[in-house]
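As provided, structure_18.tsv (TSV, C-alpha atoms) reads as follows.
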```tsv
chain	number	residue	atom	x	y	z
A	1	MET	CA	-11.50	-43.62	-114.11
A	2	SER	CA	-11.86	-44.63	-117.75
A	3	TYR	CA	-10.06	-41.78	-119.48
A	4	HIS	CA	-6.52	-42.73	-120.46
A	5	PRO	CA	-5.13	-40.50	-123.22
A	6	SER	CA	-2.38	-42.06	-125.30
A	7	PRO	CA	1.23	-40.92	-124.81
A	8	GLU	CA	0.90	-38.93	-128.03
A	9	ASP	CA	-2.20	-37.19	-126.74
A	10	ARG	CA	-0.55	-36.49	-123.39
A	11	ASN	CA	2.34	-34.91	-125.29
A	12	LYS	CA	-0.10	-32.73	-127.21
A	13	VAL	CA	-1.79	-31.59	-124.00
A	14	CYS	CA	1.68	-30.86	-122.61
A	15	GLU	CA	2.58	-28.77	-125.63
A	16	ILE	CA	-0.65	-26.80	-125.41
A	17	SER	CA	-0.30	-26.20	-121.66
A	18	GLN	CA	3.32	-25.18	-122.06
A	19	SER	CA	2.39	-22.73	-124.81
A	20	LEU	CA	-0.20	-21.10	-122.53
A	21	PHE	CA	2.19	-20.77	-119.62
A	22	GLN	CA	5.14	-19.55	-121.65
A	23	ALA	CA	3.01	-16.97	-123.47
A	24	ALA	CA	1.82	-15.71	-120.10
A	25	PHE	CA	5.34	-15.58	-118.67
A	26	ASP	CA	6.56	-13.73	-121.78
A	27	ASP	CA	3.86	-11.13	-121.22
A	28	TRP	CA	4.70	-10.90	-117.52
A	29	GLU	CA	8.29	-10.22	-118.49
A	30	MET	CA	7.26	-7.54	-120.96
A	31	MET	CA	4.82	-5.81	-118.63
A	32	VAL	CA	6.15	-6.27	-115.13
A	33	GLY	CA	9.69	-7.55	-115.58
A	34	VAL	CA	9.01	-11.03	-114.18
A	35	GLU	CA	11.21	-13.43	-116.14
A	36	ALA	CA	10.14	-17.06	-116.00
A	37	LYS	CA	10.67	-19.97	-118.35
A	38	VAL	CA	9.01	-23.35	-118.56
A	39	ALA	CA	11.90	-25.80	-118.39
A	40	ARG	CA	10.25	-29.22	-118.20
A	41	CYS	CA	6.76	-30.48	-118.85
A	42	PHE	CA	5.09	-33.78	-118.02
A	43	ALA	CA	1.45	-34.92	-118.09
A	44	ARG	CA	-0.32	-37.63	-116.15
A	45	THR	CA	-3.97	-38.49	-115.72
A	46	MET	CA	-5.47	-38.82	-112.27
A	47	PRO	CA	-8.95	-39.13	-110.81
A	48	PHE	CA	-10.57	-35.74	-110.30
A	49	ARG	CA	-10.95	-36.14	-106.56
A	50	PRO	CA	-10.31	-33.87	-103.55
A	51	GLU	CA	-7.28	-35.93	-102.57
A	52	THR	CA	-5.75	-35.38	-106.04
A	53	LEU	CA	-6.08	-31.62	-105.60
A	54	GLU	CA	-4.71	-31.91	-102.08
A	55	ARG	CA	-1.70	-33.83	-103.34
A	56	ILE	CA	-0.92	-31.40	-106.14
A	57	ALA	CA	-1.84	-28.09	-104.64
A	58	LYS	CA	-0.77	-28.28	-101.02
A	59	ASP	CA	0.99	-25.03	-100.07
A	60	CYS	CA	0.15	-23.58	-103.47
A	61	ILE	CA	-2.13	-20.99	-104.94
A	62	LEU	CA	-4.83	-22.35	-107.18
A	63	VAL	CA	-6.25	-20.16	-109.87
A	64	GLU	CA	-9.60	-21.31	-111.09
A	65	THR	CA	-11.30	-19.98	-114.20
A	66	THR	CA	-13.39	-21.26	-117.09
A	67	VAL	CA	-12.70	-21.87	-120.75
A	68	ASP	CA	-15.38	-20.23	-122.86
A	69	GLY	CA	-16.08	-22.23	-126.00
A	70	ALA	CA	-15.35	-25.53	-124.27
A	71	GLY	CA	-18.67	-25.88	-122.49
A	72	ASP	CA	-17.48	-23.35	-119.91
A	73	SER	CA	-15.21	-26.07	-118.58
A	74	PRO	CA	-13.19	-25.13	-115.54
A	75	VAL	CA	-9.42	-25.04	-115.78
A	76	TYR	CA	-7.00	-24.75	-112.87
A	77	PHE	CA	-3.54	-23.21	-112.75
A	78	VAL	CA	-1.41	-24.06	-109.73
A	79	PHE	CA	1.57	-22.00	-108.58
A	80	PRO	CA	3.77	-22.22	-105.50
A	81	VAL	CA	2.97	-19.40	-103.07
A	82	ASP	CA	6.65	-18.44	-103.12
A	83	PHE	CA	6.66	-18.05	-106.90
A	84	VAL	CA	3.57	-15.82	-106.94
A	85	GLY	CA	4.98	-13.88	-103.99
A	86	ARG	CA	8.21	-13.20	-105.85
A	87	ALA	CA	6.27	-12.13	-108.95
A	88	VAL	CA	4.04	-9.81	-106.89
A	89	TYR	CA	7.07	-8.28	-105.16
A	90	GLN	CA	8.70	-7.67	-108.54
A	91	ALA	CA	5.51	-6.23	-110.02
A	92	LEU	CA	5.02	-3.90	-107.06
A	93	MET	CA	8.72	-3.06	-107.05
A	94	ILE	CA	9.04	-3.97	-103.38
A	95	PRO	CA	12.75	-4.16	-102.46
A	96	SER	CA	13.89	-7.77	-102.41
A	97	SER	CA	15.63	-7.17	-99.09
A	98	ASP	CA	12.18	-6.96	-97.49
A	99	GLU	CA	10.89	-10.21	-96.07
A	100	LEU	CA	9.21	-11.95	-98.98
A	101	GLU	CA	5.80	-13.21	-98.00
A	102	LEU	CA	2.57	-13.05	-99.96
A	103	LYS	CA	-0.02	-11.87	-97.47
A	104	ARG	CA	-3.60	-12.86	-98.12
A	105	GLU	CA	-4.89	-9.99	-95.97
A	106	ASP	CA	-2.79	-7.40	-97.83
A	107	GLU	CA	-5.00	-5.70	-100.41
A	108	ALA	CA	-2.03	-4.55	-102.49
A	109	HIS	CA	-0.58	-8.06	-102.59
A	110	MET	CA	-3.85	-9.71	-103.49
A	111	GLY	CA	-4.77	-7.00	-105.98
A	112	ALA	CA	-1.43	-7.48	-107.72
A	113	ALA	CA	-1.75	-11.27	-107.63
A	114	HIS	CA	-5.22	-11.02	-109.14
A	115	GLU	CA	-4.00	-8.66	-111.84
A	116	LEU	CA	-1.08	-10.97	-112.69
A	117	MET	CA	-3.49	-13.88	-113.00
A	118	ASN	CA	-5.84	-11.75	-115.04
A	119	LEU	CA	-2.99	-11.01	-117.45
A	120	PHE	CA	-2.04	-14.69	-117.34
A	121	CYS	CA	-5.51	-15.68	-118.58
A	122	GLY	CA	-5.42	-13.07	-121.33
A	123	SER	CA	-2.06	-14.32	-122.53
A	124	ALA	CA	-3.32	-17.90	-122.39
A	125	THR	CA	-6.26	-16.97	-124.59
A	126	ARG	CA	-3.94	-15.38	-127.11
A	127	ALA	CA	-1.76	-18.49	-127.13
A	128	LEU	CA	-4.80	-20.70	-127.67
A	129	GLN	CA	-6.03	-18.57	-130.53
A	130	GLU	CA	-2.61	-18.40	-132.16
A	131	GLY	CA	-2.40	-22.17	-131.73
A	132	GLY	CA	-5.51	-22.68	-133.85
A	133	PHE	CA	-8.12	-22.84	-131.07
A	134	GLU	CA	-9.92	-19.73	-132.30
A	135	GLU	CA	-13.17	-20.52	-130.48
A	136	LEU	CA	-11.63	-20.96	-127.05
A	137	ARG	CA	-11.07	-18.24	-124.49
A	138	VAL	CA	-9.70	-18.47	-120.98
A	139	SER	CA	-12.10	-16.28	-119.06
A	140	GLN	CA	-10.69	-13.14	-117.45
A	141	SER	CA	-14.04	-12.23	-115.97
A	142	VAL	CA	-13.77	-11.09	-112.37
A	143	ASP	CA	-16.68	-13.42	-111.68
A	144	HIS	CA	-14.72	-16.41	-112.97
A	145	ILE	CA	-11.15	-15.98	-111.78
A	146	GLY	CA	-10.76	-17.30	-108.26
A	147	ILE	CA	-7.50	-17.35	-106.31
A	148	ARG	CA	-7.51	-20.06	-103.64
A	149	PHE	CA	-4.95	-20.65	-100.98
A	150	SER	CA	-6.11	-24.14	-100.17
A	151	PRO	CA	-7.09	-27.11	-102.32
A	152	ALA	CA	-9.88	-27.72	-99.82
A	153	GLU	CA	-11.61	-24.68	-101.30
A	154	LEU	CA	-11.91	-26.60	-104.58
A	155	ALA	CA	-12.92	-29.93	-103.09
A	156	ASN	CA	-16.56	-29.47	-104.05
A	157	LYS	CA	-15.52	-29.03	-107.68
A	158	ALA	CA	-14.18	-32.59	-107.93
A	159	SER	CA	-16.12	-34.96	-110.16
A	160	ASP	CA	-16.24	-38.60	-111.18
A	161	GLY	CA	-14.15	-37.96	-114.26
A	162	ALA	CA	-10.43	-37.68	-114.80
A	163	LEU	CA	-8.10	-34.75	-114.45
A	164	VAL	CA	-5.20	-34.36	-116.85
A	165	CYS	CA	-2.45	-32.92	-114.69
A	166	VAL	CA	0.31	-31.16	-116.59
A	167	GLN	CA	3.31	-30.53	-114.39
A	168	MET	CA	5.63	-27.75	-115.51
A	169	ASP	CA	8.87	-26.85	-113.80
A	170	VAL	CA	9.45	-23.14	-114.15
A	171	ASP	CA	12.79	-21.37	-113.79
A	172	HIS	CA	12.50	-17.98	-112.11
A	173	GLN	CA	15.26	-15.97	-110.43
A	174	GLY	CA	17.52	-19.01	-110.44
A	175	LEU	CA	14.96	-21.16	-108.65
A	176	ALA	CA	12.86	-24.03	-110.00
A	177	HIS	CA	9.15	-23.79	-109.20
A	178	ARG	CA	6.68	-26.59	-109.82
A	179	THR	CA	3.52	-25.33	-111.49
A	180	TRP	CA	0.54	-27.22	-112.85
A	181	CYS	CA	-2.16	-26.84	-115.46
A	182	LEU	CA	-5.10	-29.05	-114.50
A	183	LEU	CA	-7.55	-29.89	-117.24
A	184	PRO	CA	-10.75	-31.80	-116.55
A	185	GLU	CA	-11.35	-34.72	-118.92
A	186	ASN	CA	-13.87	-32.87	-121.09
A	187	LEU	CA	-11.54	-29.93	-121.63
A	188	SER	CA	-8.69	-32.25	-122.55
A	189	LYS	CA	-10.92	-34.01	-125.08
A	190	THR	CA	-12.02	-30.67	-126.55
A	191	LEU	CA	-8.42	-29.56	-126.99
A	192	LEU	CA	-7.33	-32.85	-128.52
A	193	ALA	CA	-10.29	-32.90	-130.91
A	194	ALA	CA	-9.42	-29.44	-132.14
A	195	ALA	CA	-5.65	-29.96	-132.23
B	1	MET	CA	1.53	19.31	-127.45
B	2	SER	CA	1.91	17.89	-123.98
B	3	TYR	CA	-0.90	15.72	-122.72
B	4	LYS	CA	-2.75	15.47	-119.46
B	5	VAL	CA	-3.84	11.84	-119.19
B	6	LEU	CA	-6.46	10.40	-116.87
B	7	LEU	CA	-6.01	6.70	-116.00
B	8	ILE	CA	-9.00	4.91	-114.56
B	9	ASP	CA	-8.40	1.40	-113.24
B	10	ASP	CA	-9.22	-0.23	-109.93
B	11	SER	CA	-5.86	-2.03	-109.94
B	12	SER	CA	-3.03	0.11	-108.58
B	13	LEU	CA	-0.59	-2.28	-110.26
B	14	MET	CA	-2.24	-1.74	-113.64
B	15	ARG	CA	-2.21	2.05	-113.18
B	16	LYS	CA	1.49	1.79	-112.43
B	17	LEU	CA	2.11	-0.35	-115.53
B	18	VAL	CA	0.14	1.94	-117.82
B	19	SER	CA	1.92	5.00	-116.42
B	20	ARG	CA	5.24	3.32	-117.04
B	21	SER	CA	4.21	2.46	-120.62
B	22	LEU	CA	3.04	6.02	-121.28
B	23	ARG	CA	6.39	7.35	-120.18
B	24	GLN	CA	8.21	4.83	-122.40
B	25	ILE	CA	6.49	5.87	-125.61
B	26	ASP	CA	7.13	8.94	-127.68
B	27	LEU	CA	4.35	11.00	-126.13
B	28	ASP	CA	4.85	14.29	-124.36
B	29	ILE	CA	3.13	13.76	-121.01
B	30	ASP	CA	2.38	16.81	-118.91
B	31	LYS	CA	0.58	15.04	-116.07
B	32	ILE	CA	-1.04	11.71	-115.31
B	33	PHE	CA	-4.13	11.73	-113.12
B	34	GLU	CA	-5.43	8.53	-111.57
B	35	ALA	CA	-8.84	7.26	-110.53
B	36	SER	CA	-9.81	3.84	-109.24
B	37	ASN	CA	-13.35	3.68	-110.65
B	38	GLY	CA	-15.74	5.48	-112.95
B	39	LEU	CA	-17.18	7.72	-110.25
B	40	GLU	CA	-13.75	8.98	-109.27
B	41	GLY	CA	-13.03	9.36	-112.97
B	42	LEU	CA	-16.03	11.66	-113.40
B	43	GLU	CA	-14.81	13.77	-110.47
B	44	GLN	CA	-11.34	13.98	-112.01
B	45	LEU	CA	-12.87	15.03	-115.34
B	46	THR	CA	-14.14	18.26	-113.87
B	47	ALA	CA	-11.13	18.83	-111.64
B	48	GLY	CA	-8.25	18.09	-114.00
B	49	VAL	CA	-9.55	18.57	-117.55
B	50	PRO	CA	-7.47	15.81	-119.18
B	51	ASP	CA	-6.71	15.63	-122.91
B	52	LEU	CA	-7.04	11.86	-123.04
B	53	ILE	CA	-8.58	9.15	-120.88
B	54	LEU	CA	-7.54	5.48	-120.59
B	55	CYS	CA	-10.24	3.50	-118.84
B	56	ASP	CA	-10.63	-0.08	-117.60
B	57	TRP	CA	-13.95	-1.88	-118.02
B	58	ASN	CA	-14.53	-3.97	-114.90
B	59	MET	CA	-14.41	-1.79	-111.82
B	60	PRO	CA	-16.42	-1.40	-108.61
B	61	GLU	CA	-18.73	1.57	-107.92
B	62	MET	CA	-19.00	2.56	-111.59
B	63	ASP	CA	-17.75	0.37	-114.43
B	64	GLY	CA	-15.95	1.61	-117.51
B	65	ILE	CA	-18.83	1.44	-119.95
B	66	THR	CA	-21.06	3.52	-117.64
B	67	PHE	CA	-18.20	5.98	-117.23
B	68	VAL	CA	-17.88	6.30	-121.02
B	69	GLN	CA	-21.60	6.97	-121.37
B	70	GLU	CA	-21.65	9.55	-118.56
B	71	ALA	CA	-18.40	11.19	-119.61
B	72	CYS	CA	-19.53	11.56	-123.22
B	73	LYS	CA	-22.63	13.42	-122.01
B	74	LYS	CA	-20.26	15.91	-120.37
B	75	GLY	CA	-18.22	16.39	-123.54
B	76	ALA	CA	-15.25	14.35	-122.40
B	77	PRO	CA	-11.95	14.18	-124.29
B	78	PRO	CA	-11.20	10.99	-126.27
B	79	ILE	CA	-11.54	7.82	-124.20
B	80	ILE	CA	-9.58	4.64	-124.88
B	81	MET	CA	-10.82	1.46	-123.23
B	82	LEU	CA	-7.98	-0.60	-121.77
B	83	THR	CA	-9.49	-3.88	-120.74
B	84	THR	CA	-9.29	-7.64	-120.48
B	85	GLU	CA	-12.57	-7.91	-122.38
B	86	MET	CA	-11.50	-9.40	-125.71
B	87	SER	CA	-14.74	-10.17	-127.51
B	88	ASP	CA	-15.84	-8.30	-130.61
B	89	GLY	CA	-19.19	-7.69	-128.92
B	90	LYS	CA	-17.63	-5.88	-125.98
B	91	LYS	CA	-15.42	-3.84	-128.29
B	92	ALA	CA	-18.44	-2.81	-130.36
B	93	GLU	CA	-20.36	-1.94	-127.18
B	94	ALA	CA	-17.54	0.31	-126.00
B	95	LEU	CA	-17.16	2.07	-129.34
B	96	ASN	CA	-20.93	2.52	-129.63
B	97	ALA	CA	-20.97	4.04	-126.15
B	98	GLY	CA	-18.48	6.66	-127.29
B	99	ALA	CA	-15.01	5.21	-126.71
B	100	LYS	CA	-12.58	6.18	-129.47
B	101	GLY	CA	-10.10	3.34	-129.07
B	102	TYR	CA	-9.82	-0.13	-127.61
B	103	ILE	CA	-6.78	-1.91	-126.18
B	104	THR	CA	-6.84	-5.38	-124.67
B	105	LYS	CA	-4.64	-6.47	-121.78
B	106	PRO	CA	-1.91	-7.67	-121.84
B	107	PHE	CA	-0.57	-4.80	-123.93
B	108	THR	CA	2.74	-3.43	-125.10
B	109	PRO	CA	3.82	0.22	-124.88
B	110	GLU	CA	3.93	0.13	-128.70
B	111	ARG	CA	0.28	-0.92	-128.84
B	112	ILE	CA	-0.68	1.94	-126.52
B	113	ALA	CA	1.28	4.36	-128.70
B	114	GLU	CA	-0.38	3.04	-131.86
B	115	VAL	CA	-3.92	3.47	-130.53
B	116	ILE	CA	-3.21	6.89	-129.01
B	117	GLN	CA	-1.86	8.03	-132.37
B	118	GLN	CA	-4.97	6.75	-134.11
B	119	VAL	CA	-7.26	8.42	-131.61
B	120	MET	CA	-5.43	11.73	-131.31
B	121	GLY	CA	-4.79	11.88	-135.05
B	122	SER	CA	-1.08	12.56	-134.86
```
Please re-express this file's structure in structure tokens.
Amino acid sequence: MSYHPSPEDRNKVCEISQSLFQAAFDDWEMMVGVEAKVARCFARTMPFRPETLERIAKDCILVETTVDGAGDSPVYFVFPVDFVGRAVYQALMIPSSDELELKREDEAHMGAAHELMNLFCGSATRALQEGGFEELRVSQSVDHIGIRFSPAELANKASDGALVCVQMDVDHQGLAHRTWCLLPENLSKTLLAAA
Amino acid sequence: MSYKVLLIDDSSLMRKLVSRSLRQIDLDIDKIFEASNGLEGLEQLTAGVPDLILCDWNMPEMDGITFVQEACKKGAPPIIMLTTEMSDGKKAEALNAGAKGYITKPFTPERIAEVIQQVMGS
């Protein structure tokens, strides 16, 4: 792995990732009443290998989409299943006394999760454009957004390059949830060049 | 005037959110009909005679742009696209097909009110 962004550049990638996530959470709050706040942010660079995804995304939901205007680069958002489950329950107004479990086979759950992620990508695009990246767009196409329950489902996407892994701790309903924005090397370079 | 509104979106969550937004804004709503794709929307057009239609773009069975084209042939009331499609090209395509307004998701109730006012001329 030859890509080692400087601490300054890692900070910039952190700031950009945080702006995408916080914009999305602000919109979630406005539209579905899900309040979440990015509390801490930290970036590291790791090889883009299946074991990296396994390490980061075990027991998480991975949202995969592309960034139009950046060579259709993939980008990955990682959320704890519990966090997405809580957001889906809030969005669907399911009483919190019910057992809280995001069920993959439940069409209403998965439809709501997909819609939340769809909104997330739209908010992320707006944040990018307001941040000066007018040419970039996080795809909301139904053909692009994929919700995975296992990092193994992304293993074939790994490459020889690096993955800039931005870890963000998110406060939601009094709990801290670890989320990630994973940017392949080329996407990181595109963002830094335009920043 | 009180409005009959037809919401067409394959996401039940989104229909719920739009309904909630419509009830938050200063618009006299008589009834909200729902459909989960363009085909169901066309059926609702003849059954419910809405005053206004809010329609998603990407849906199974019949997508929003096909619905707009088919509905306009039947003399449909004003249609506002409510979609994640953000590009100028898609917006132009929708307006050329006959849509009267265009709202991108995520949206605010205020944005929905603004576009409805523009479209309904009040």
Which residues of chain A have any atom within 8 Å of an atom in chain B when counting only C-alpha atoms, and what is the closest pair of atoms for each, with the distance in Å to one decimal? Order the rows by chain and rising number and write it as JSON lines.
```
{"residue": "A:Asp27", "atom": "CA", "partner": "B:Pro106", "partner_atom": "CA", "distance": 6.8}
{"residue": "A:Met30", "atom": "CA", "partner": "B:Thr108", "partner_atom": "CA", "distance": 7.4}
{"residue": "A:Met31", "atom": "CA", "partner": "B:Leu17", "partner_atom": "CA", "distance": 6.8}
{"residue": "A:Val32", "atom": "CA", "partner": "B:Leu17", "partner_atom": "CA", "distance": 7.2}
{"residue": "A:Ala91", "atom": "CA", "partner": "B:Leu13", "partner_atom": "CA", "distance": 7.3}
{"residue": "A:Leu92", "atom": "CA", "partner": "B:Leu13", "partner_atom": "CA", "distance": 6.7}
{"residue": "A:Ala108", "atom": "CA", "partner": "B:Ser12", "partner_atom": "CA", "distance": 7.7}
{"residue": "A:Gly111", "atom": "CA", "partner": "B:Ser11", "partner_atom": "CA", "distance": 6.4}
{"residue": "A:Ala112", "atom": "CA", "partner": "B:Leu13", "partner_atom": "CA", "distance": 5.8}
{"residue": "A:Glu115", "atom": "CA", "partner": "B:Ser11", "partner_atom": "CA", "distance": 7.1}
{"residue": "A:Asn118", "atom": "CA", "partner": "B:Thr84", "partner_atom": "CA", "distance": 7.6}
{"residue": "A:Leu119", "atom": "CA", "partner": "B:Pro106", "partner_atom": "CA", "distance": 5.6}
{"residue": "A:Gly122", "atom": "CA", "partner": "B:Pro106", "partner_atom": "CA", "distance": 6.5}
{"residue": "A:Ser123", "atom": "CA", "partner": "B:Pro106", "partner_atom": "CA", "distance": 6.7}
{"residue": "A:Gln140", "atom": "CA", "partner": "B:Thr84", "partner_atom": "CA", "distance": 6.4}
{"residue": "A:Ser141", "atom": "CA", "partner": "B:Glu85", "partner_atom": "CA", "distance": 7.9}
{"residue": "A:Val142", "atom": "CA", "partner": "B:Asn58", "partner_atom": "CA", "distance": 7.6}
```
Item to check | Shortest interatomic distance to Ala162 of chain A - which of A:Ala127, A:Leu182, A:Leu20, A:Cys14, counting only C-alpha atoms | outcome: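 Closest candidate: A:Leu182.
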Checklist entry - If we count only C-alpha atoms, what is near Lys73 of chain B at a cut-off of 12 Å, once residues fewer than 3 positions away on the same chain are taken out, given as a PyMOL selection string? => result chain B and resi 42+45+66-70+76-77+97-98
Checklist entry - So how far away is atom CA of Val78 of chain A from atom CA of Arg178 of chain A, in Å? => result 8.5 Å
Checklist entry - What is the atom CA of Cys60 of chain A-atom CA of Lys12 of chain A distance in Å, reported with one decimal? => result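 Computed distance, atom CA of Cys60 of chain A to atom CA of Lys12 of chain A, equals 25.4 Å.
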Which residues, written as a CSV table (one decimal) with C-alpha atoms, keeping the file's coordinate frame, have at least one atom at most 12 Å from Phe25 of chain A, with all atoms listed in the file counted and residues fewer than 3 positions away on the same chain left out?
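Output file result-v9.csv is given in full below:
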```csv
chain,number,residue,atom,x,y,z
A,18,GLN,CA,3.3,-25.2,-122.1
A,19,SER,CA,2.4,-22.7,-124.8
A,20,LEU,CA,-0.2,-21.1,-122.5
A,21,PHE,CA,2.2,-20.8,-119.6
A,22,GLN,CA,5.1,-19.6,-121.6
A,28,TRP,CA,4.7,-10.9,-117.5
A,29,GLU,CA,8.3,-10.2,-118.5
A,30,MET,CA,7.3,-7.5,-121.0
A,31,MET,CA,4.8,-5.8,-118.6
A,32,VAL,CA,6.2,-6.3,-115.1
A,33,GLY,CA,9.7,-7.6,-115.6
A,34,VAL,CA,9.0,-11.0,-114.2
A,35,GLU,CA,11.2,-13.4,-116.1
A,36,ALA,CA,10.1,-17.1,-116.0
A,37,LYS,CA,10.7,-20.0,-118.4
A,38,VAL,CA,9.0,-23.4,-118.6
A,84,VAL,CA,3.6,-15.8,-106.9
A,87,ALA,CA,6.3,-12.1,-109.0
A,116,LEU,CA,-1.1,-11.0,-112.7
A,117,MET,CA,-3.5,-13.9,-113.0
A,119,LEU,CA,-3.0,-11.0,-117.4
A,120,PHE,CA,-2.0,-14.7,-117.3
A,121,CYS,CA,-5.5,-15.7,-118.6
A,122,GLY,CA,-5.4,-13.1,-121.3
A,123,SER,CA,-2.1,-14.3,-122.5
A,124,ALA,CA,-3.3,-17.9,-122.4
A,127,ALA,CA,-1.8,-18.5,-127.1
A,170,VAL,CA,9.4,-23.1,-114.2
A,171,ASP,CA,12.8,-21.4,-113.8
A,172,HIS,CA,12.5,-18.0,-112.1
B,106,PRO,CA,-1.9,-7.7,-121.8
```
Item to check | Asp169 of chain A environment, 8 Å, all atoms listed in the file, sequence neighbours closer than 3 positions dropped, as a VMD selection string | outcome: chain A and resid 38 to 41 176 to 179
Go ahead and write the selection's residues with C-alpha atoms as a PDB file, in the frame of the given file.
```pdb
ATOM      1  CA  VAL A  38       9.010 -23.350-118.560  1.00  0.00           C
ATOM      2  CA  ALA A  39      11.900 -25.800-118.390  1.00  0.00           C
ATOM      3  CA  ARG A  40      10.250 -29.220-118.200  1.00  0.00           C
ATOM      4  CA  CYS A  41       6.760 -30.480-118.850  1.00  0.00           C
ATOM      5  CA  ALA A 176      12.860 -24.030-110.000  1.00  0.00           C
ATOM      6  CA  HIS A 177       9.150 -23.790-109.200  1.00  0.00           C
ATOM      7  CA  ARG A 178       6.680 -26.590-109.820  1.00  0.00           C
ATOM      8  CA  THR A 179       3.520 -25.330-111.490  1.00  0.00           C
TER       9      THR A 179
END
```
Who sits within 10 Å of Ile65 of chain B, all atoms listed in the file, same chain under 5 positions skipped, as a PDB file with C-alpha atoms, in the frame of the given file:
```pdb
ATOM      1  CA  GLY B  38     -15.740   5.480-112.950  1.00  0.00           C
ATOM      2  CA  CYS B  55     -10.240   3.500-118.840  1.00  0.00           C
ATOM      3  CA  ASP B  56     -10.630  -0.080-117.600  1.00  0.00           C
ATOM      4  CA  TRP B  57     -13.950  -1.880-118.020  1.00  0.00           C
ATOM      5  CA  ASN B  58     -14.530  -3.970-114.900  1.00  0.00           C
ATOM      6  CA  MET B  59     -14.410  -1.790-111.820  1.00  0.00           C
ATOM      7  CA  GLU B  70     -21.650   9.550-118.560  1.00  0.00           C
ATOM      8  CA  ALA B  71     -18.400  11.190-119.610  1.00  0.00           C
ATOM      9  CA  MET B  81     -10.820   1.460-123.230  1.00  0.00           C
ATOM     10  CA  LYS B  90     -17.630  -5.880-125.980  1.00  0.00           C
ATOM     11  CA  GLU B  93     -20.360  -1.940-127.180  1.00  0.00           C
ATOM     12  CA  ALA B  94     -17.540   0.310-126.000  1.00  0.00           C
ATOM     13  CA  LEU B  95     -17.160   2.070-129.340  1.00  0.00           C
ATOM     14  CA  ASN B  96     -20.930   2.520-129.630  1.00  0.00           C
ATOM     15  CA  ALA B  97     -20.970   4.040-126.150  1.00  0.00           C
ATOM     16  CA  GLY B  98     -18.480   6.660-127.290  1.00  0.00           C
ATOM     17  CA  ALA B  99     -15.010   5.210-126.710  1.00  0.00           C
TER      18      ALA B  99
END
```
Item to check | Separation of atom CA of Ala35 of chain B from atom CA of Leu54 of chain B, in Å and rounded to one decimal | outcome: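 Taking atom CA of Ala35 of chain B and atom CA of Leu54 of chain B, their separation equals 10.3 Å.
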